[in-house]
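Worksheet: the structure to be examined is printed underneath.
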2 protein chains.
Amino acid sequence: MAASRGVRHDSMRARNLAVVLGTIHRSGPHTRAALAELTGLTKTTVSSLVGDLLEAGVVAESDAVRAGERGRPGKAVSLSGRRVATLGLEINIDYLAACVVDLSRTVRMRRTRPADNRNSDPAATLEELRGLVKEITAEAERTGLRITGAALAVPGTVEGDLLRSAPHLGWRDVRVEGPTDLPFAIDNEANLAALGELWFGSRAAVDFLYVSGEIGIGAGLVVGGTVFRGTLGLAGELGHVVVRPDGPGCRCGGRGCLEVYAGQDALLGTLPTVASLVSLLESGDRRALAACRRAGHALGVALTSAVHLLDPGRIVLGGIYAPLYRWLEEPVAAGLGDRLGQMRGTPPTLLVSEIGPDAAVLGAAGLVIQRLIAEPAGVLGL
Amino acid sequence: MAASRGVRHDSMRARNLAVVLGTIHRSGPHTRAALAELTGLTKTTVSSLVGDLLEAGVVAESDAVRAGERGRPGKAVSLSGRRVATLGLEINIDYLAACVVDLSRTVRMRRTRPADNRNSDPAATLEELRGLVKEITAEAERTGLRITGAALAVPGTVEGDLLRSAPHLGWRDVRVEGPTDLPFAIDNEANLAALGELWFGSRAAVDFLYVSGEIGIGAGLVVGGTVFRGTLGLAGELGHVVVRPDGPGCRCGGRGCLEVYAGQDALLGTLPTVASLVSLLESGDRRALAACRRAGHALGVALTSAVHLLDPGRIVLGGIYAPLYRWLEEPVAAGLGDRLGQMRGTPPTLLVSEIGPDAAVLGAAGLVIQRLIAEPAGVLGL
DNA sequence: TCTCTTTAGTCCATAATCTGTACATAATCC
DNA sequence: GGATTATGTACAGATTATGGACTAAAGAGA
């Protein structure tokens with residue numbers, strides 16, 4: 001639905017700043033002339049806008065660049081990581097994490113603090129997080145970085161700034177305030193991991209479903225570079241898609257949810273870690289292989305439903321599914337291929353995430369960068 | 001992702017025309033002063049914009065209206081159905097339909113032409129449709145209506161303007177051109193029926209999942225007043241969500257899809273029509289009741305998956321499920337309630353569609369109105 | 001080496017659009 | 001009937017983009 005506020009002169013300029021910055025972000029460094037061509041604005045206007053962006057330190061001019069064969073070479077304008085950065089945060093079951101990412105997508109800092117957050121006290125954990133944030137922002141500012149905002153990934157469902165339910169933390173209906181006075185957002189771990197894949201993954205694509213295998217199983221759908229959140233922000237709960245309506249009971253109250261078959265607990269059984277499962281798999285352990293196959297089948301079934309409902313461009317398996325991908329790929333792909341049948345041209349490509357367990361923190365920082373690029377004037381006060 | 005074109009003076013005005021028109025559409029008739037308040041524009045600007053809209057005939061001034069207690073009364077500006085209307089079209093298995101709906105959502109004309117389109121020749125059917133369109137647009141123009149565009153609902157999957165697959169028509173990969181030189185769109189029957197519910201349903205809401213029970217089962221998700229289409233436009237294929245991974249084979253190639261349990265063929269069995277099933281149900285026929293209960297259970301399972309993945313605000317049952325709602329409500333709601341369990345505060349409300357079998361044609365016209373309101377300057381040449 | 005051509009980027013007068021204040025209008029209140 | 005209050009319009013002023021002229025910087029060709 002169209003935004004309801006009218007456009008005034010200042011918002012026109014704000015919008016054009018966003019258009020220029022977004023174009024640089026989307027299609028790489030360009031000279032002012034090329035930007036004028038791409039945006040449909042005149043060279044004059046682009047020059048003026050780029051001037052503001054340079055002053056704000058969000059873009060930088062490179063040395064002269066050969067554009068065509070002849071003529072004056074232009075100076076390419078690219079995103080600059082010099083001055084502006086954002087803060088990604090994560091509360092997970094056994095650690096707190098924070099990272100500072102600059103506008104050029106370089107990870108400038110990273111901190112992980114082990115912590116046992118199972119059934120923890122929200123206030124205490126958030127206080128701990130606040131400490132981590134203070135520490136890392138102070139250090140970032142010492143190196144001359146301006147942090148423009150923060151986002152927090154949590155293993156649970158989020159509505160607005162309300163953490164509805166994080167079963168593995170034992171949290172319910174926790175209102176999370178920003179740990180600083182920076183602009184702040186909180187979102188589901190899977191949604192933000194999907195953004196991590198979008199911003200830092202190697203197979204850059206703007207349409208995919210990121211599947212986050214953890215103790216719970218979540219998914220984040222990215223369509224056209226934006227996370228689809230549903231009505232309340234609760235979309236993507238892949239872990240409770242029904243695989244077998246009369247299957248074993250799930251902690252959610254339902255039966256035969258995907259999580260029962262392919263959650264971390266189901267996969268590991270009595271094994272202590274994913275690494276131990278991997279080594280068993282590598283040694284050809286039959287029970288481990290069977291467990292993986294079972295999980296893969298269930299995942300194939302749930303993903304079939306997900307593909308029919310969400311129509312993702314690709315599917316990226318992440319979290320604990322990444323190290324297990326060698327053993328999951330075949331059953332999952334087979335399940336998808338068999339079941340999707342003639343309904344679509346080809347089933348979505350299945351890929352493995354390559355950014356590892358940092359996906360969510362990085363994605364949190366990416367979310368803030370995304371907002372900065374979408375609305376530079378508001379964020380930077382231009 | 002942000003649009004990539006810069007904003008110029010004329011697009012600022014175009015945008016503001018859309019803002020004013022959209023505000024009138026969304027929150028009803030208002031005086032210029034109220035519109036200024038709502039949009040954040042000044043009274044002067046709103047007056048000027050409303051002037052253009054009046055001239056284009058898309059809005060009309062009412063008689064003076066008491067706004068507050070004292071002061072000069074304002075004249076409310078409301079959408080006008082006088083001059084501008086849109087065309088909704090539908091190709092279905094046993095009929096062609098067309099309707100003309102004006103900007104004030106009044107259905108001005110409606111035509112249905114029985115036709116046996118099962119395994120029909122696309123070219124012939126489209127030619128037939130073209131005839132219907134010529135007839136109805138000629139008549140509309142005779143009454144002084146200007147048709148600004150048309151949209152076509154088809155029982156199948158649509159990518160762009162390509163009809164990928166309409167199994168019940170026997171069509172595959174048909175490129176559908178507009179039946180006139182008007183702006184034209186084609187979309188899935190379920191998506192457009194959802195828009196029909198949005199535009200013409202009595203329980204106005206901007207977030208819901210419309211479930212279209214026909215021979216196939218589709219669903220259209222509306223979030224914030226917009227249909228969610230997924231990456232290729234294939235989202236919402238509820239009929240092939242997996243209910244039982246080892247269930248009976250489905251024509252799609254999968255097994256245990258919802259359609260196998262709750263599609264029209266499964267519900268009717270050997271009965272000829274939905275009406276005959278209803279009368280059996282009313283007379284308490286045990287086999288009919290059992291069939292409905294089975295279908296309701298399956299629907300509850302599939303909708304559970306859909307709720308987890310899509311997070312709809314409400315669920316509206318339409319198509320053949322509307323007349324069967326009395327018998328479906330309990331098993332569906334029970335299935336949803338039991339399975340969704342503690343994952344969300346309350347499960348989405350279950351409702352029955354009240355606009356009947358016209359949902360898709362009406363929604364097609366609604367889609368065109370939606371576009372007109374979103375971009376009046378482009379469509380009307382202001 | 002000098003000039004021509006070509007492209008990049010800036011300058012400045014002009015145009016489009018919105019803002020803000022002042023004002024005419026129209027109703028109620030007392 | 002005058003005071004009050006709110007609607008809608010007029011007009012000067014502000015903001016921003018445009019477009020053509022101009023400067024800058026490089027290669028091509030003589």
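FYI, nothing fancy with the structure tokens labels: chains A, B, ... in order, residues from 1 per chain, ligands from 1 as they appear.
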Can you list every residue of chain D that has an atom at most 7 Å from chain B, with its nearest atom pair and the distance in Å to one decimal, using only C-alpha atoms (C1' of nucleotides), ordered by chain then number, as CSV?
```
residue,atom,partner,partner_atom,distance
D:DT5,C1',B:Gly71,CA,4.4
D:DA6,C1',B:Gly71,CA,3.9
D:DT7,C1',B:Arg72,CA,5.4
D:DA17,C1',B:Arg8,CA,6.3
```
Given the selection you just returned, output its residues as a file containing C-alpha atoms (C1' of nucleotides), formatted as a PDB file, in the first residue's frame.
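For reference, out.pdb as written:
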```
ATOM      1  C1'  DT D   5     -13.615  29.125  13.959  1.00  0.00           C
ATOM      2  C1'  DA D   6     -12.650  26.398  10.201  1.00  0.00           C
ATOM      3  C1'  DT D   7     -12.298  25.793   4.888  1.00  0.00           C
ATOM      4  C1'  DA D  17      15.901  19.700 -10.634  1.00  0.00           C
TER       5       DA D  17
END
```
Where does chain B meet chain A within 6 Å, residue by residue, with the nearest atom pair and distance in Å to one decimal for each, counting only C-alpha atoms, listed by chain and rising number, as CSV?
```
residue,atom,partner,partner_atom,distance
B:Met1,CA,A:Gly225,CA,5.8
B:Ser4,CA,A:Val19,CA,5.6
B:Arg5,CA,A:Thr39,CA,4.6
B:Gly6,CA,A:Thr39,CA,5.2
B:Asn16,CA,A:Gly6,CA,5.5
B:Val19,CA,A:Ser4,CA,5.6
B:Thr39,CA,A:Arg5,CA,4.6
B:Gly40,CA,A:Gly6,CA,5.9
B:Leu41,CA,A:Gly6,CA,5.7
B:Gly225,CA,A:Met1,CA,5.8
B:Gly230,CA,A:Asp311,CA,4.9
B:Thr231,CA,A:Pro312,CA,5.6
B:Leu234,CA,A:Asp311,CA,5.6
B:Ala235,CA,A:Asp311,CA,4.7
B:Gly236,CA,A:Leu309,CA,4.4
B:Glu237,CA,A:His308,CA,4.9
B:Val241,CA,A:Ser305,CA,4.4
B:Val242,CA,A:Ser305,CA,5.8
B:Arg244,CA,A:Arg244,CA,5.7
B:Cys252,CA,A:Gln342,CA,5.7
B:Gly253,CA,A:Gly341,CA,4.7
B:Gly254,CA,A:Arg339,CA,3.9
B:Ser305,CA,A:Val241,CA,4.4
B:His308,CA,A:Glu237,CA,4.9
B:Leu309,CA,A:Gly236,CA,4.4
B:Leu310,CA,A:Ala235,CA,4.8
B:Asp311,CA,A:Ala235,CA,4.7
B:Pro312,CA,A:Thr231,CA,5.6
B:Gly313,CA,A:Thr231,CA,5.8
B:Arg339,CA,A:Gly254,CA,3.9
B:Gly341,CA,A:Gly253,CA,4.7
B:Gln342,CA,A:Cys252,CA,5.7
B:Met343,CA,A:Cys252,CA,5.9
```
Dump of C-alpha atoms for the selected residues, as a CSV table (one decimal), in the first residue's frame:
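result.csv, freshly written:
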```
chain,number,residue,atom,x,y,z
B,1,MET,CA,14.8,-2.8,-3.2
B,4,SER,CA,16.3,3.0,-9.3
B,5,ARG,CA,14.9,6.0,-11.1
B,6,GLY,CA,15.4,9.5,-9.7
B,16,ASN,CA,1.5,13.4,-4.5
B,19,VAL,CA,-0.8,10.0,-2.1
B,39,THR,CA,-0.8,13.7,4.0
B,40,GLY,CA,1.4,16.3,5.6
B,41,LEU,CA,1.0,18.5,2.5
B,225,GLY,CA,-3.3,-4.7,1.0
B,230,GLY,CA,6.8,-14.8,-4.5
B,231,THR,CA,9.8,-14.7,-6.8
B,234,LEU,CA,4.0,-18.9,-8.2
B,235,ALA,CA,3.4,-18.5,-4.5
B,236,GLY,CA,0.3,-19.7,-2.8
B,237,GLU,CA,-0.1,-23.1,-4.3
B,241,VAL,CA,1.2,-28.5,0.3
B,242,VAL,CA,2.1,-31.9,1.6
B,244,ARG,CA,0.9,-36.9,4.2
B,252,CYS,CA,1.3,-32.9,-9.8
B,253,GLY,CA,3.6,-35.9,-9.4
B,254,GLY,CA,3.8,-35.6,-5.6
B,305,SER,CA,2.0,-25.2,7.5
B,308,HIS,CA,3.8,-21.0,10.0
B,309,LEU,CA,5.4,-20.1,6.6
B,310,LEU,CA,3.2,-17.1,5.6
B,311,ASP,CA,1.9,-15.6,8.8
B,312,PRO,CA,-1.4,-14.4,7.5
B,313,GLY,CA,-3.6,-12.2,9.6
B,339,ARG,CA,-1.4,-27.7,15.9
B,341,GLY,CA,-0.4,-24.5,19.9
B,342,GLN,CA,1.8,-22.2,21.8
B,343,MET,CA,3.7,-20.9,18.8
```
(request) Write out as a PyMOL selection string every residue belonging to chain C that has an atom at most 6 Å from any atom of chain B, counting only C-alpha atoms (C1' of nucleotides). (result) chain C and resi 16+26-28
Those residues you just picked out, can you put them in a file as a PDB file, in the first residue's frame with N, CA and C atoms (P, O5', C5', C4', C3', O3' and C1' of nucleotides)?
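Saved as out_8.pdb:
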```pdb
ATOM      1  P    DA C  16       7.876  24.662 -16.585  1.00  0.00           P
ATOM      2  O5'  DA C  16       7.698  23.712 -15.326  1.00  0.00           O
ATOM      3  C5'  DA C  16       8.495  22.540 -15.222  1.00  0.00           C
ATOM      4  C4'  DA C  16       8.398  22.018 -13.815  1.00  0.00           C
ATOM      5  C3'  DA C  16       6.977  22.032 -13.236  1.00  0.00           C
ATOM      6  O3'  DA C  16       6.684  20.739 -12.753  1.00  0.00           O
ATOM      7  C1'  DA C  16       8.503  23.101 -11.743  1.00  0.00           C
ATOM      8  P    DA C  26     -19.305  31.703   0.411  1.00  0.00           P
ATOM      9  O5'  DA C  26     -19.658  30.906   1.743  1.00  0.00           O
ATOM     10  C5'  DA C  26     -19.122  29.589   1.929  1.00  0.00           C
ATOM     11  C4'  DA C  26     -19.364  29.168   3.355  1.00  0.00           C
ATOM     12  C3'  DA C  26     -20.757  29.524   3.885  1.00  0.00           C
ATOM     13  O3'  DA C  26     -21.272  28.403   4.588  1.00  0.00           O
ATOM     14  C1'  DA C  26     -19.112  30.281   5.358  1.00  0.00           C
ATOM     15  P    DA C  27     -22.833  28.085   4.482  1.00  0.00           P
ATOM     16  O5'  DA C  27     -23.212  27.833   6.022  1.00  0.00           O
ATOM     17  C5'  DA C  27     -22.808  26.642   6.638  1.00  0.00           C
ATOM     18  C4'  DA C  27     -22.138  26.922   7.970  1.00  0.00           C
ATOM     19  C3'  DA C  27     -23.038  27.385   9.108  1.00  0.00           C
ATOM     20  O3'  DA C  27     -23.584  26.262   9.779  1.00  0.00           O
ATOM     21  C1'  DA C  27     -20.878  28.399   9.152  1.00  0.00           C
ATOM     22  P    DT C  28     -24.665  26.494  10.903  1.00  0.00           P
ATOM     23  O5'  DT C  28     -23.773  26.766  12.198  1.00  0.00           O
ATOM     24  C5'  DT C  28     -22.882  25.762  12.676  1.00  0.00           C
ATOM     25  C4'  DT C  28     -22.184  26.259  13.937  1.00  0.00           C
ATOM     26  C3'  DT C  28     -23.135  26.542  15.106  1.00  0.00           C
ATOM     27  O3'  DT C  28     -22.547  26.063  16.307  1.00  0.00           O
ATOM     28  C1'  DT C  28     -21.886  28.489  14.582  1.00  0.00           C
TER      29       DT C  28
END
```
(message) Give me, as a list in words, all polymer residues having an atom no more than 8 Å from range 52-64 of chain A, counting only C-alpha atoms (C1' of nucleotides) and skipping those fewer than 3 positions away in the same chain.
(response) Leu17, Ser48, Leu49, Pro73, Gly74, Lys75, Ala76, Val77, Ser78, Leu79, Ser80, Gly81, Arg82, Arg83, Val84, Leu103, Leu380 and Leu382 of chain A
Next, the residues of the selection above should be written as a tab-separated table (two decimals), in the first residue's frame with C-alpha atoms.
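Dumped to out.tsv:
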```
chain	number	residue	atom	x	y	z
A	17	LEU	CA	20.12	10.63	-2.41
A	48	SER	CA	25.22	17.78	-6.28
A	49	LEU	CA	23.88	14.63	-4.64
A	73	PRO	CA	38.28	9.89	-17.61
A	74	GLY	CA	35.70	9.97	-14.85
A	75	LYS	CA	36.24	9.35	-11.18
A	76	ALA	CA	34.29	6.36	-9.97
A	77	VAL	CA	32.18	6.89	-6.88
A	78	SER	CA	31.98	3.88	-4.60
A	79	LEU	CA	30.66	3.07	-1.15
A	80	SER	CA	33.17	4.04	1.47
A	81	GLY	CA	33.83	2.13	4.63
A	82	ARG	CA	35.96	4.91	6.10
A	83	ARG	CA	33.53	6.66	8.33
A	84	VAL	CA	30.23	4.88	8.59
A	103	LEU	CA	29.49	0.41	4.51
A	380	LEU	CA	22.76	10.63	8.42
A	382	LEU	CA	21.70	15.19	5.32
```
(message) Which residues are near Ala150 in chain B? Cut-off 8 Å, only C-alpha atoms (C1' of nucleotides), ignore same chain within fewer than 2 positions. Put them as an NGL selection string.
(response) :B and (86-89 or 147-148 or 152 or 178 or 182-185 or 364-365 or 368)
(request) Identify, on the basis of only C-alpha atoms (C1' of nucleotides), every residue whose closest approach to DA21 in chain D does not exceed 10 Å; exclude the query and any residue fewer than 2 positions from it along the same chain; express the result as a VMD selection string. (result) (chain C and resid 11 to 12) or (chain D and resid 19 23)
Store the residues picked out above in a file with C-alpha atoms (C1' of nucleotides), as a PDB file, in the first residue's frame.
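Result written to again-v1.pdb:
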```pdb
ATOM      1  C1'  DC C  11      28.167  26.841 -13.481  1.00  0.00           C
ATOM      2  C1'  DC C  12      24.214  29.418 -13.805  1.00  0.00           C
TER       3       DC C  12
ATOM      4  C1'  DG D  19      19.440  22.260 -19.693  1.00  0.00           C
ATOM      5  C1'  DT D  23      35.880  24.027 -18.291  1.00  0.00           C
TER       6       DT D  23
END
```
(message) When DSSP is applied to the backbone of this structure, which of range 127-238 of chain A are assigned alpha helix (DSSP H)? Write them out as a ChimeraX atom specification.
(response) /A:127-142,189-200
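In this model, the gap between CA of Val379 in chain B and CA of Leu35 in chain A comes to 28.0 Å.
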(request) Please return as a PyMOL selection string: the residues of range 314-353 of chain A that backbone DSSP assigns to strand (DSSP E or B). (result) chain A and resi 314-319+349-352
Please produce a file of those selected residues containing N, CA and C atoms, as a compact mmCIF listing (two decimals), in the first residue's frame.
```
# COMPACT_ATOMS: atom_id res chain seq x y z
N ARG A 314 15.83 -19.63 -4.92
CA ARG A 314 16.77 -20.69 -4.59
C ARG A 314 16.55 -21.08 -3.15
N ILE A 315 17.20 -22.15 -2.75
CA ILE A 315 17.14 -22.56 -1.36
C ILE A 315 18.57 -22.70 -0.86
N VAL A 316 18.88 -22.01 0.23
CA VAL A 316 20.22 -22.07 0.79
C VAL A 316 20.14 -22.75 2.16
N LEU A 317 20.87 -23.82 2.33
CA LEU A 317 20.87 -24.50 3.63
C LEU A 317 22.00 -23.96 4.48
N GLY A 318 21.66 -23.53 5.68
CA GLY A 318 22.65 -22.95 6.56
C GLY A 318 22.56 -23.53 7.96
N GLY A 319 23.27 -22.91 8.90
CA GLY A 319 23.29 -23.42 10.26
C GLY A 319 23.95 -24.78 10.29
N THR A 349 17.03 -24.15 -7.19
CA THR A 349 18.36 -24.70 -6.95
C THR A 349 18.63 -24.82 -5.46
N LEU A 350 19.29 -25.90 -5.08
CA LEU A 350 19.65 -26.12 -3.69
C LEU A 350 21.12 -25.76 -3.50
N LEU A 351 21.39 -24.92 -2.50
CA LEU A 351 22.77 -24.48 -2.28
C LEU A 351 23.13 -24.62 -0.82
N VAL A 352 24.41 -24.56 -0.55
CA VAL A 352 24.84 -24.57 0.85
C VAL A 352 25.38 -23.19 1.21
```
